[in-house]
Amino acid sequence: MARRAVMTLFSAPTDPWSHRARLVLAEKGIAIDVVSADAGKLPEDLLDLNPYHSLPTLVDRDLVLYDSRVIIDYLDERFPHPPLMPIDPVTRAQFRVALYRVERDWYGMAHDIQADPHGKTAAQSRRVLGEAIAASAEVFKAKPFFLSDEFSLVDASIAPILWRLRHYGIELPPQAAPIVKYMNTVFSRPAFRASLTEAERSMRY
Ligand SMILES: N[C@@H](CCC(=O)N[C@@H](CS)C(=O)NCC(=O)O)C(=O)O
């Protein structure tokens with residue numbers, strides 16, 4: 001593998017999976033090389049090291065990580081301040097379940113919409129994703145962030161999907177008002193703004 005002096009994140013400029021990794025970097029104030037790449041067109045020397053040829057891919061000297069969840073967990077452990085996971089085991093487990101659900105359901109449906117925006121599956125995913133987000137509104141009533149006063153990996157995972165709702169053609173119903181408030185809180189964070197690529201910025205403006 002070519003020697004890379006610093007840590008490098010290979011990132012897709014418009015995908016929510018890469019966005020969550022960029023957002024964690026920004027929240028922690030970590031300045032590493034972020035290289036925009038096309039999925040399936042990773043640098044030659046990484047192709048064998050990431051068997052999925054997927055983005056995001058993180059390279060830290062001899063370590064090559066793929067899957068955005070593996071990457072954000074690593075970043076949170078390698079750069080512990082500010083911590084983006086709660087400390088006590090029960091709350092940690094609850095946050096991990098939330099991450100599991102967001103990845104499986106929300107990112108799963110985002111994938112369907114992106115893969116074939118005009119297809120039947122996308123139409124169904126648009127409806128179900130909008131409903132799922134609206135149904136979670138109660139969770140965002142009590143605290144500024146997901147079940148917490150502090151920004152966490154769950155927020156870093158939810159925000160890239162919420163940022164794309166308009167771009168995906170999803171309108172939230174009136175009962176989703178607490179989510180809209182939450183979106184404003186998260187989107188106005190300097191780290192969130194710093195996490196956006198040009199292409200992502202233009203998704204809402
Ligand atoms: N589970 C992966 C999914 C990432 C993903 O789907 N990335 C897309 C970005 S376009 C990709 O690399 N697709 C090409 C491929 O998987 O071959 C993650 O969380 O990183």
# chains A, B, ... in the order shown; residues from 1 in each chain; ligands from 1
$ closest_atom_pairs --of "chain A" --to "ligand 1" --cutoff "12 Å" --atoms "only C-alpha atoms and all ligand atoms" --output "JSON lines"
{"residue": "A:Leu9", "atom": "CA", "partner": "ligand 1", "partner_atom_place_in_ligand_line": "20 (O)", "distance": 11.7}
{"residue": "A:Phe10", "atom": "CA", "partner": "ligand 1", "partner_atom_place_in_ligand_line": "12 (O)", "distance": 10.1}
{"residue": "A:Ser11", "atom": "CA", "partner": "ligand 1", "partner_atom_place_in_ligand_line": "9 (C)", "distance": 8.2}
{"residue": "A:Ala12", "atom": "CA", "partner": "ligand 1", "partner_atom_place_in_ligand_line": "9 (C)", "distance": 6.1}
{"residue": "A:Pro13", "atom": "CA", "partner": "ligand 1", "partner_atom_place_in_ligand_line": "10 (S)", "distance": 8.9}
{"residue": "A:Thr14", "atom": "CA", "partner": "ligand 1", "partner_atom_place_in_ligand_line": "10 (S)", "distance": 8.1}
{"residue": "A:Asp15", "atom": "CA", "partner": "ligand 1", "partner_atom_place_in_ligand_line": "9 (C)", "distance": 5.9}
{"residue": "A:Pro16", "atom": "CA", "partner": "ligand 1", "partner_atom_place_in_ligand_line": "9 (C)", "distance": 8.2}
{"residue": "A:Trp17", "atom": "CA", "partner": "ligand 1", "partner_atom_place_in_ligand_line": "19 (O)", "distance": 5.1}
{"residue": "A:Ser18", "atom": "CA", "partner": "ligand 1", "partner_atom_place_in_ligand_line": "20 (O)", "distance": 6.9}
{"residue": "A:His19", "atom": "CA", "partner": "ligand 1", "partner_atom_place_in_ligand_line": "20 (O)", "distance": 10.0}
{"residue": "A:Arg20", "atom": "CA", "partner": "ligand 1", "partner_atom_place_in_ligand_line": "19 (O)", "distance": 9.0}
{"residue": "A:Ala21", "atom": "CA", "partner": "ligand 1", "partner_atom_place_in_ligand_line": "20 (O)", "distance": 8.9}
{"residue": "A:Arg22", "atom": "CA", "partner": "ligand 1", "partner_atom_place_in_ligand_line": "20 (O)", "distance": 11.9}
{"residue": "A:Ser36", "atom": "CA", "partner": "ligand 1", "partner_atom_place_in_ligand_line": "9 (C)", "distance": 11.2}
{"residue": "A:Ala37", "atom": "CA", "partner": "ligand 1", "partner_atom_place_in_ligand_line": "10 (S)", "distance": 9.3}
{"residue": "A:Asp38", "atom": "CA", "partner": "ligand 1", "partner_atom_place_in_ligand_line": "10 (S)", "distance": 7.0}
{"residue": "A:Ala39", "atom": "CA", "partner": "ligand 1", "partner_atom_place_in_ligand_line": "12 (O)", "distance": 4.4}
{"residue": "A:Gly40", "atom": "CA", "partner": "ligand 1", "partner_atom_place_in_ligand_line": "17 (O)", "distance": 5.2}
{"residue": "A:Lys41", "atom": "CA", "partner": "ligand 1", "partner_atom_place_in_ligand_line": "14 (C)", "distance": 8.8}
{"residue": "A:Leu42", "atom": "CA", "partner": "ligand 1", "partner_atom_place_in_ligand_line": "12 (O)", "distance": 9.3}
{"residue": "A:Leu47", "atom": "CA", "partner": "ligand 1", "partner_atom_place_in_ligand_line": "17 (O)", "distance": 10.9}
{"residue": "A:Asn50", "atom": "CA", "partner": "ligand 1", "partner_atom_place_in_ligand_line": "17 (O)", "distance": 10.1}
{"residue": "A:Pro51", "atom": "CA", "partner": "ligand 1", "partner_atom_place_in_ligand_line": "17 (O)", "distance": 9.1}
{"residue": "A:Tyr52", "atom": "CA", "partner": "ligand 1", "partner_atom_place_in_ligand_line": "17 (O)", "distance": 5.7}
{"residue": "A:His53", "atom": "CA", "partner": "ligand 1", "partner_atom_place_in_ligand_line": "17 (O)", "distance": 5.3}
{"residue": "A:Ser54", "atom": "CA", "partner": "ligand 1", "partner_atom_place_in_ligand_line": "12 (O)", "distance": 3.1}
{"residue": "A:Leu55", "atom": "CA", "partner": "ligand 1", "partner_atom_place_in_ligand_line": "12 (O)", "distance": 4.0}
{"residue": "A:Pro56", "atom": "CA", "partner": "ligand 1", "partner_atom_place_in_ligand_line": "20 (O)", "distance": 5.4}
{"residue": "A:Thr57", "atom": "CA", "partner": "ligand 1", "partner_atom_place_in_ligand_line": "20 (O)", "distance": 7.5}
{"residue": "A:Leu58", "atom": "CA", "partner": "ligand 1", "partner_atom_place_in_ligand_line": "20 (O)", "distance": 10.1}
{"residue": "A:Leu65", "atom": "CA", "partner": "ligand 1", "partner_atom_place_in_ligand_line": "20 (O)", "distance": 9.5}
{"residue": "A:Tyr66", "atom": "CA", "partner": "ligand 1", "partner_atom_place_in_ligand_line": "20 (O)", "distance": 6.0}
{"residue": "A:Asp67", "atom": "CA", "partner": "ligand 1", "partner_atom_place_in_ligand_line": "20 (O)", "distance": 3.3}
{"residue": "A:Ser68", "atom": "CA", "partner": "ligand 1", "partner_atom_place_in_ligand_line": "20 (O)", "distance": 3.7}
{"residue": "A:Arg69", "atom": "CA", "partner": "ligand 1", "partner_atom_place_in_ligand_line": "19 (O)", "distance": 5.7}
{"residue": "A:Val70", "atom": "CA", "partner": "ligand 1", "partner_atom_place_in_ligand_line": "19 (O)", "distance": 8.0}
{"residue": "A:Ile71", "atom": "CA", "partner": "ligand 1", "partner_atom_place_in_ligand_line": "20 (O)", "distance": 8.1}
{"residue": "A:Ile72", "atom": "CA", "partner": "ligand 1", "partner_atom_place_in_ligand_line": "19 (O)", "distance": 9.7}
{"residue": "A:Asp73", "atom": "CA", "partner": "ligand 1", "partner_atom_place_in_ligand_line": "19 (O)", "distance": 11.6}
{"residue": "A:Leu99", "atom": "CA", "partner": "ligand 1", "partner_atom_place_in_ligand_line": "19 (O)", "distance": 11.3}
{"residue": "A:Tyr100", "atom": "CA", "partner": "ligand 1", "partner_atom_place_in_ligand_line": "19 (O)", "distance": 11.2}
{"residue": "A:Val102", "atom": "CA", "partner": "ligand 1", "partner_atom_place_in_ligand_line": "19 (O)", "distance": 11.1}
{"residue": "A:Glu103", "atom": "CA", "partner": "ligand 1", "partner_atom_place_in_ligand_line": "19 (O)", "distance": 7.7}
{"residue": "A:Arg104", "atom": "CA", "partner": "ligand 1", "partner_atom_place_in_ligand_line": "1 (N)", "distance": 9.5}
{"residue": "A:Trp106", "atom": "CA", "partner": "ligand 1", "partner_atom_place_in_ligand_line": "19 (O)", "distance": 11.9}
{"residue": "A:Tyr107", "atom": "CA", "partner": "ligand 1", "partner_atom_place_in_ligand_line": "19 (O)", "distance": 8.5}
{"residue": "A:Gly108", "atom": "CA", "partner": "ligand 1", "partner_atom_place_in_ligand_line": "6 (O)", "distance": 9.3}
{"residue": "A:Met109", "atom": "CA", "partner": "ligand 1", "partner_atom_place_in_ligand_line": "6 (O)", "distance": 11.6}
{"residue": "A:Ala110", "atom": "CA", "partner": "ligand 1", "partner_atom_place_in_ligand_line": "6 (O)", "distance": 9.9}
{"residue": "A:His111", "atom": "CA", "partner": "ligand 1", "partner_atom_place_in_ligand_line": "6 (O)", "distance": 7.2}
{"residue": "A:Asp112", "atom": "CA", "partner": "ligand 1", "partner_atom_place_in_ligand_line": "6 (O)", "distance": 10.5}
{"residue": "A:Gln114", "atom": "CA", "partner": "ligand 1", "partner_atom_place_in_ligand_line": "10 (S)", "distance": 9.0}
{"residue": "A:Ala115", "atom": "CA", "partner": "ligand 1", "partner_atom_place_in_ligand_line": "10 (S)", "distance": 9.2}
{"residue": "A:Ser157", "atom": "CA", "partner": "ligand 1", "partner_atom_place_in_ligand_line": "19 (O)", "distance": 10.1}
$ residues_around --residues "Pro178 of chain A" --least-positions-apart "5" --cutoff "6 Å" --atoms "only C-alpha atoms" --output "compact mmCIF listing (two decimals) with all heavy atoms, in the first residue's frame"
# COMPACT_ATOMS: atom_id res chain seq x y z
N ALA A 137 -41.12 10.99 16.51
CA ALA A 137 -41.11 12.40 16.96
C ALA A 137 -41.05 12.55 18.49
O ALA A 137 -40.33 13.41 19.01
CB ALA A 137 -42.33 13.14 16.42
N PHE A 140 -37.81 12.94 20.36
CA PHE A 140 -37.03 14.17 20.22
C PHE A 140 -37.63 15.33 21.00
O PHE A 140 -37.17 16.46 20.90
CB PHE A 140 -36.89 14.53 18.74
CG PHE A 140 -36.10 13.50 17.99
CD1 PHE A 140 -36.73 12.48 17.31
CD2 PHE A 140 -34.71 13.53 18.01
CE1 PHE A 140 -36.00 11.51 16.64
CE2 PHE A 140 -33.97 12.56 17.35
CZ PHE A 140 -34.61 11.55 16.67
N LYS A 141 -38.67 15.04 21.81
CA LYS A 141 -39.34 16.11 22.54
C LYS A 141 -38.59 16.53 23.79
O LYS A 141 -38.46 17.71 24.09
CB LYS A 141 -40.76 15.67 22.92
CG LYS A 141 -41.79 16.13 21.92
CD LYS A 141 -43.19 15.87 22.46
CE LYS A 141 -44.24 16.35 21.47
NZ LYS A 141 -45.53 15.70 21.71
$ select_by_dssp --residues "segment 56-192 of chain A" --states "strand (DSSP E or B)" --output "PyMOL selection string"
chain A and resi 57-60+63-66+145+148
$ write_last_selection --atoms "all heavy atoms" --output "PDB file, in the first residue's frame"
ATOM      1  N   THR A  57     -14.102   4.693   3.297  1.00  0.00           N
ATOM      2  CA  THR A  57     -13.004   3.820   3.704  1.00  0.00           C
ATOM      3  C   THR A  57     -11.991   4.700   4.425  1.00  0.00           C
ATOM      4  O   THR A  57     -11.657   5.779   3.942  1.00  0.00           O
ATOM      5  CB  THR A  57     -12.336   3.169   2.473  1.00  0.00           C
ATOM      6  OG1 THR A  57     -13.280   2.317   1.834  1.00  0.00           O
ATOM      7  CG2 THR A  57     -11.119   2.343   2.868  1.00  0.00           C
ATOM      8  N   LEU A  58     -11.549   4.235   5.586  1.00  0.00           N
ATOM      9  CA  LEU A  58     -10.577   5.010   6.365  1.00  0.00           C
ATOM     10  C   LEU A  58      -9.234   4.282   6.358  1.00  0.00           C
ATOM     11  O   LEU A  58      -9.188   3.068   6.585  1.00  0.00           O
ATOM     12  CB  LEU A  58     -11.058   5.163   7.810  1.00  0.00           C
ATOM     13  CG  LEU A  58     -10.142   5.999   8.714  1.00  0.00           C
ATOM     14  CD1 LEU A  58     -10.477   7.485   8.609  1.00  0.00           C
ATOM     15  CD2 LEU A  58     -10.239   5.560  10.159  1.00  0.00           C
ATOM     16  N   VAL A  59      -8.169   5.039   6.088  1.00  0.00           N
ATOM     17  CA  VAL A  59      -6.825   4.462   6.136  1.00  0.00           C
ATOM     18  C   VAL A  59      -6.034   5.184   7.212  1.00  0.00           C
ATOM     19  O   VAL A  59      -5.917   6.412   7.190  1.00  0.00           O
ATOM     20  CB  VAL A  59      -6.096   4.621   4.782  1.00  0.00           C
ATOM     21  CG1 VAL A  59      -4.716   3.978   4.844  1.00  0.00           C
ATOM     22  CG2 VAL A  59      -6.915   3.987   3.669  1.00  0.00           C
ATOM     23  N   ASP A  60      -5.547   4.411   8.182  1.00  0.00           N
ATOM     24  CA  ASP A  60      -4.713   4.970   9.244  1.00  0.00           C
ATOM     25  C   ASP A  60      -3.434   4.125   9.281  1.00  0.00           C
ATOM     26  O   ASP A  60      -3.425   3.045   9.872  1.00  0.00           O
ATOM     27  CB  ASP A  60      -5.466   4.901  10.583  1.00  0.00           C
ATOM     28  CG  ASP A  60      -4.710   5.593  11.709  1.00  0.00           C
ATOM     29  OD1 ASP A  60      -3.679   6.240  11.425  1.00  0.00           O
ATOM     30  OD2 ASP A  60      -5.153   5.483  12.872  1.00  0.00           O
ATOM     31  N   LEU A  63      -3.687   0.349   8.872  1.00  0.00           N
ATOM     32  CA  LEU A  63      -5.063  -0.061   9.178  1.00  0.00           C
ATOM     33  C   LEU A  63      -6.017   0.449   8.096  1.00  0.00           C
ATOM     34  O   LEU A  63      -6.031   1.639   7.793  1.00  0.00           O
ATOM     35  CB  LEU A  63      -5.445   0.532  10.539  1.00  0.00           C
ATOM     36  CG  LEU A  63      -6.823   0.230  11.098  1.00  0.00           C
ATOM     37  CD1 LEU A  63      -6.970  -1.240  11.462  1.00  0.00           C
ATOM     38  CD2 LEU A  63      -7.074   1.088  12.343  1.00  0.00           C
ATOM     39  N   VAL A  64      -6.798  -0.455   7.529  1.00  0.00           N
ATOM     40  CA  VAL A  64      -7.809  -0.048   6.547  1.00  0.00           C
ATOM     41  C   VAL A  64      -9.172  -0.456   7.097  1.00  0.00           C
ATOM     42  O   VAL A  64      -9.406  -1.625   7.392  1.00  0.00           O
ATOM     43  CB  VAL A  64      -7.575  -0.723   5.178  1.00  0.00           C
ATOM     44  CG1 VAL A  64      -8.682  -0.338   4.198  1.00  0.00           C
ATOM     45  CG2 VAL A  64      -6.221  -0.323   4.617  1.00  0.00           C
ATOM     46  N   LEU A  65     -10.033   0.526   7.263  1.00  0.00           N
ATOM     47  CA  LEU A  65     -11.364   0.239   7.823  1.00  0.00           C
ATOM     48  C   LEU A  65     -12.437   0.570   6.812  1.00  0.00           C
ATOM     49  O   LEU A  65     -12.364   1.588   6.112  1.00  0.00           O
ATOM     50  CB  LEU A  65     -11.597   1.074   9.087  1.00  0.00           C
ATOM     51  CG  LEU A  65     -10.633   0.867  10.254  1.00  0.00           C
ATOM     52  CD1 LEU A  65     -11.011   1.801  11.395  1.00  0.00           C
ATOM     53  CD2 LEU A  65     -10.661  -0.584  10.723  1.00  0.00           C
ATOM     54  N   TYR A  66     -13.452  -0.266   6.745  1.00  0.00           N
ATOM     55  CA  TYR A  66     -14.608   0.033   5.912  1.00  0.00           C
ATOM     56  C   TYR A  66     -15.844  -0.295   6.718  1.00  0.00           C
ATOM     57  O   TYR A  66     -15.785  -0.943   7.756  1.00  0.00           O
ATOM     58  CB  TYR A  66     -14.571  -0.745   4.590  1.00  0.00           C
ATOM     59  CG  TYR A  66     -14.065  -2.156   4.723  1.00  0.00           C
ATOM     60  CD1 TYR A  66     -14.938  -3.191   5.036  1.00  0.00           C
ATOM     61  CD2 TYR A  66     -12.720  -2.433   4.553  1.00  0.00           C
ATOM     62  CE1 TYR A  66     -14.472  -4.488   5.160  1.00  0.00           C
ATOM     63  CE2 TYR A  66     -12.245  -3.725   4.686  1.00  0.00           C
ATOM     64  CZ  TYR A  66     -13.122  -4.755   4.992  1.00  0.00           C
ATOM     65  OH  TYR A  66     -12.660  -6.022   5.130  1.00  0.00           O
ATOM     66  N   PHE A 145     -30.886  16.502  22.042  1.00  0.00           N
ATOM     67  CA  PHE A 145     -30.352  15.492  21.120  1.00  0.00           C
ATOM     68  C   PHE A 145     -31.005  14.155  21.414  1.00  0.00           C
ATOM     69  O   PHE A 145     -31.831  14.038  22.318  1.00  0.00           O
ATOM     70  CB  PHE A 145     -28.822  15.424  21.244  1.00  0.00           C
ATOM     71  CG  PHE A 145     -28.186  16.732  20.914  1.00  0.00           C
ATOM     72  CD1 PHE A 145     -27.632  17.530  21.903  1.00  0.00           C
ATOM     73  CD2 PHE A 145     -28.197  17.211  19.606  1.00  0.00           C
ATOM     74  CE1 PHE A 145     -27.083  18.769  21.595  1.00  0.00           C
ATOM     75  CE2 PHE A 145     -27.655  18.442  19.285  1.00  0.00           C
ATOM     76  CZ  PHE A 145     -27.097  19.224  20.291  1.00  0.00           C
ATOM     77  N   SER A 148     -30.599  12.665  24.996  1.00  0.00           N
ATOM     78  CA  SER A 148     -29.397  13.178  25.655  1.00  0.00           C
ATOM     79  C   SER A 148     -29.270  14.694  25.525  1.00  0.00           C
ATOM     80  O   SER A 148     -29.819  15.290  24.588  1.00  0.00           O
ATOM     81  CB  SER A 148     -28.176  12.508  25.003  1.00  0.00           C
ATOM     82  OG  SER A 148     -26.985  13.070  25.478  1.00  0.00           O
TER      83      SER A 148
END
$ select_by_dssp --residues "segment 11-153 of chain A" --states "alpha helix (DSSP H)" --output "JSON, numbers by chain"
{"A": [16, 17, 18, 19, 20, 21, 22, 23, 24, 25, 26, 27, 28, 44, 45, 46, 47, 68, 69, 70, 71, 72, 73, 74, 75, 76, 77, 78, 89, 90, 91, 92, 93, 94, 95, 96, 97, 98, 99, 100, 101, 108, 109, 110, 111, 112, 113, 114, 115, 120, 121, 122, 123, 124, 125, 126, 127, 128, 129, 130, 131, 132, 133, 134, 135, 153]}
$ atom_distance --atom1 "atom CA of Glu27 of chain A" --atom2 "atom CA of Ala191 of chain A"
5.1 Å
$ residues_around --residues "Gly130 of chain A" --least-positions-apart "5" --cutoff "10 Å" --atoms "only C-alpha atoms" --output "PDB file with N, CA and C atoms, in the first residue's frame"
ATOM      1  N   TRP A 106     -33.517   3.142   8.356  1.00  0.00           N
ATOM      2  CA  TRP A 106     -33.422   4.439   7.684  1.00  0.00           C
ATOM      3  C   TRP A 106     -32.390   4.408   6.556  1.00  0.00           C
ATOM      4  N   GLN A 124     -42.133   3.210  -2.256  1.00  0.00           N
ATOM      5  CA  GLN A 124     -42.560   2.630  -0.976  1.00  0.00           C
ATOM      6  C   GLN A 124     -41.614   3.083   0.154  1.00  0.00           C
ATOM      7  N   SER A 125     -40.323   3.099  -0.132  1.00  0.00           N
ATOM      8  CA  SER A 125     -39.354   3.495   0.895  1.00  0.00           C
ATOM      9  C   SER A 125     -39.545   4.951   1.303  1.00  0.00           C
ATOM     10  N   ALA A 135     -43.045   8.909  13.222  1.00  0.00           N
ATOM     11  CA  ALA A 135     -43.414   8.091  14.382  1.00  0.00           C
ATOM     12  C   ALA A 135     -42.399   8.222  15.515  1.00  0.00           C
ATOM     13  N   LEU A 162     -31.737  13.008   7.748  1.00  0.00           N
ATOM     14  CA  LEU A 162     -32.687  14.120   7.855  1.00  0.00           C
ATOM     15  C   LEU A 162     -32.318  15.246   6.884  1.00  0.00           C
ATOM     16  N   LEU A 165     -33.875  14.659   3.422  1.00  0.00           N
ATOM     17  CA  LEU A 165     -35.299  14.347   3.242  1.00  0.00           C
ATOM     18  C   LEU A 165     -35.888  15.043   2.019  1.00  0.00           C
ATOM     19  N   GLY A 169     -37.275  13.669  -1.644  1.00  0.00           N
ATOM     20  CA  GLY A 169     -38.685  13.864  -1.965  1.00  0.00           C
ATOM     21  C   GLY A 169     -39.608  13.454  -0.841  1.00  0.00           C
ATOM     22  N   ILE A 170     -39.156  13.598   0.406  1.00  0.00           N
ATOM     23  CA  ILE A 170     -39.977  13.209   1.560  1.00  0.00           C
ATOM     24  C   ILE A 170     -40.402  14.463   2.318  1.00  0.00           C
ATOM     25  N   GLU A 171     -41.715  14.592   2.533  1.00  0.00           N
ATOM     26  CA  GLU A 171     -42.226  15.709   3.336  1.00  0.00           C
ATOM     27  C   GLU A 171     -42.715  15.160   4.654  1.00  0.00           C
ATOM     28  N   LEU A 172     -42.339  15.830   5.737  1.00  0.00           N
ATOM     29  CA  LEU A 172     -42.779  15.341   7.043  1.00  0.00           C
ATOM     30  C   LEU A 172     -44.158  15.917   7.373  1.00  0.00           C
ATOM     31  N   PRO A 173     -45.026  15.121   8.006  1.00  0.00           N
ATOM     32  CA  PRO A 173     -46.355  15.607   8.394  1.00  0.00           C
ATOM     33  C   PRO A 173     -46.252  16.528   9.611  1.00  0.00           C
ATOM     34  N   ALA A 176     -44.670  15.789  13.033  1.00  0.00           N
ATOM     35  CA  ALA A 176     -43.219  15.616  13.135  1.00  0.00           C
ATOM     36  C   ALA A 176     -42.530  16.907  13.611  1.00  0.00           C
TER      37      ALA A 176
END
$ closest_residue --among "A:Val180, A:Ile113, A:Val186, A:Leu75" --to "Tyr168 of chain A" --atoms "only C-alpha atoms"
A:Ile113
$ atom_distance --atom1 "atom CA of Lys143 of chain A" --atom2 "atom CA of Arg201 of chain A"
26.5 Å
$ residues_around --residues "Asp76 of chain A" --least-positions-apart "4" --cutoff "12 Å" --atoms "only C-alpha atoms" --output "ChimeraX atom specification"
/A:21,23-30,69-72,80-86,152-153,156
